[in-house]
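Student: This is the content of work-v1.csv (CSV, C-alpha atoms):
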chain,number,residue,atom,x,y,z
Q,16,MET,CA,210.5,189.9,89.2
Q,17,ILE,CA,208.2,192.9,89.2
Q,18,ASN,CA,207.4,194.6,85.9
Q,19,LEU,CA,206.1,198.1,85.9
Q,20,LYS,CA,204.2,199.2,82.7
Q,21,TYR,CA,203.5,202.9,82.1
Q,22,ALA,CA,202.2,205.2,79.3
Q,23,GLU,CA,204.5,208.1,80.0
Q,24,GLU,CA,207.3,209.0,82.3
Q,25,ASN,CA,205.3,211.3,84.6
Q,26,GLN,CA,205.9,212.1,88.2
Q,27,GLN,CA,203.8,209.1,89.4
Q,28,PHE,CA,205.9,206.7,87.4
Q,29,LEU,CA,209.1,208.3,88.7
Q,30,ASP,CA,207.8,208.2,92.3
Q,31,ILE,CA,207.0,204.5,92.1
Q,32,LYS,CA,210.3,203.7,90.4
Q,33,GLU,CA,212.2,205.5,93.1
Q,34,ARG,CA,210.3,203.8,95.9
Q,35,MET,CA,211.0,200.4,94.3
Q,36,LYS,CA,214.7,201.3,94.2
Q,37,ASP,CA,214.6,202.4,97.8
Q,38,LEU,CA,213.1,199.0,98.8
Q,39,SER,CA,215.8,197.2,96.8
Q,40,LEU,CA,213.2,195.4,94.7
Q,41,ALA,CA,214.2,193.6,91.5
Q,42,PHE,CA,212.1,195.2,88.8
Q,43,SER,CA,211.9,196.1,85.1
Q,44,HIS,CA,209.8,198.7,83.4
Q,45,SER,CA,208.5,199.2,80.0
Q,46,GLN,CA,206.5,201.9,78.2
Q,47,ASN,CA,203.2,201.1,76.6
Q,48,THR,CA,201.6,204.3,75.1
Q,49,ILE,CA,198.2,202.7,74.6
Q,50,GLN,CA,197.9,201.8,78.3
Q,51,GLU,CA,195.7,204.1,80.4
Q,52,HIS,CA,197.0,203.5,83.9
Q,53,ILE,CA,200.4,202.5,85.3
Q,54,VAL,CA,200.4,198.8,86.1
Q,55,LEU,CA,202.6,196.7,88.4
Q,56,GLU,CA,202.8,193.0,87.6
Q,57,GLU,CA,204.4,190.4,89.8
Q,58,ASN,CA,203.9,186.7,88.9
Q,59,GLU,CA,200.1,186.4,88.5
Q,60,VAL,CA,199.4,189.6,90.5
Q,61,GLN,CA,198.4,192.7,88.5
Q,62,ILE,CA,197.8,196.0,90.2
Q,63,LYS,CA,196.5,199.0,88.3
Q,64,GLY,CA,196.7,202.7,89.3
Q,65,TYR,CA,199.1,204.8,91.3
Q,66,GLU,CA,197.3,204.6,94.7
Q,67,ASN,CA,196.8,200.8,94.5
Q,68,ILE,CA,200.5,200.3,93.6
Q,69,TRP,CA,201.6,202.6,96.4
Q,70,LYS,CA,199.5,200.5,98.9
Q,71,TYR,CA,201.0,197.3,97.5
Q,72,LEU,CA,204.5,198.7,98.0
Q,73,ASP,CA,203.5,199.7,101.6
Q,74,GLN,CA,202.6,196.0,102.2
Q,75,LEU,CA,205.9,194.8,100.7
Q,76,GLU,CA,207.8,197.3,102.9
Q,77,GLU,CA,206.1,196.0,106.0
Q,78,GLU,CA,207.0,192.4,105.0
Q,79,LEU,CA,210.6,193.4,104.4
Q,80,LYS,CA,210.8,195.0,107.8
Q,81,SER,CA,209.4,191.9,109.4
Q,82,TRP,CA,212.0,189.7,107.7
Q,83,TYR,CA,214.8,192.2,108.5
Q,84,TYR,CA,214.1,192.1,112.2
Q,85,CYS,CA,213.3,188.4,112.3
Q,86,ALA,CA,215.5,186.5,114.7
Q,87,CYS,CA,214.8,183.2,113.0
Can you dump the structure from the file as structure tokens?

Tutor:
Amino acid sequence: MINLKYAEENQQFLDIKERMKDLSLAFSHSQNTIQEHIVLEENEVQIKGYENIWKYLDQLEEELKSWYYCAC
């Protein structure tokens, strides 16, 4: 499961949260006020910062599309 950690519920957090919902990803989120950047954790992968998280979600979306259209 993906865990999203954030310092405050700003627009970047809300955008990422909404995108993850749109992709039907299982995730949780928790607030950490001493944290500087928004962080996405999945298993042993840790991604920091809005732009990096958005790129990671782009990659996941492409993988989801590949599996959706797969005629396996």

Student: Could you check which of Q:Asn58, Q:Ser81, Q:Gln26, Q:Asn18 is closest to His44 (chain Q), using only C-alpha atoms?

Tutor: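 Using only C-alpha atoms, His44 (chain Q) sits closest to Q:Asn18.
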
Student: What does the distance from CA of Gln74 (chain Q) to CA of Glu51 (chain Q) come to in Å, to one decimal?

Tutor: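 Separation between CA of Gln74 (chain Q) and CA of Glu51 (chain Q): 24.3 Å.
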
Student: What is the distance between CA of Glu76 (chain Q) and CA of Glu23 (chain Q), in Å to one decimal?

Tutor: 25.5 Å

Student: Enter the distance from CA of Gly64 (chain Q) to CA of Met16 (chain Q), in Å, rounded to one decimal.

Tutor: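 Distance between the two atoms: 18.8 Å.
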
Student: Which residues come within 9 Å of Leu72 (chain Q), counting only C-alpha atoms, excluding same-chain residues fewer than 4 positions away, as a PyMOL selection string?

Tutor: chain Q and resi 31+34-35+38+67-68+76-77

Student: Out of Q:Lys20, Q:Lys63, Q:Leu79, Q:Tyr71, which residue has the shortest atom-to-atom distance to Ser39 (chain Q) when counting only C-alpha atoms?

Tutor: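 Among the listed residues, Q:Leu79 lies closest to Ser39 (chain Q).
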
Student: Taking all atoms listed in the file into account, which of Q:Leu40, Q:Ile17, Q:Ala22, Q:Asp30 comes nearest His52 (chain Q)?

Tutor: Q:Ala22

Student: From the list Q:Leu29, Q:Leu75, Q:Ile62, Q:Leu19, which residue is nearest Gln46 (chain Q) when using all atoms listed in the file?

Tutor: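 Smallest separation from Gln46 (chain Q) among the options: Q:Leu19.
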
Student: Between Q:Lys36, Q:Lys80, Q:Tyr21, Q:Phe28, which is the closest to Gln50 (chain Q) once you count only C-alpha atoms?

Tutor: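 Closest candidate: Q:Tyr21.
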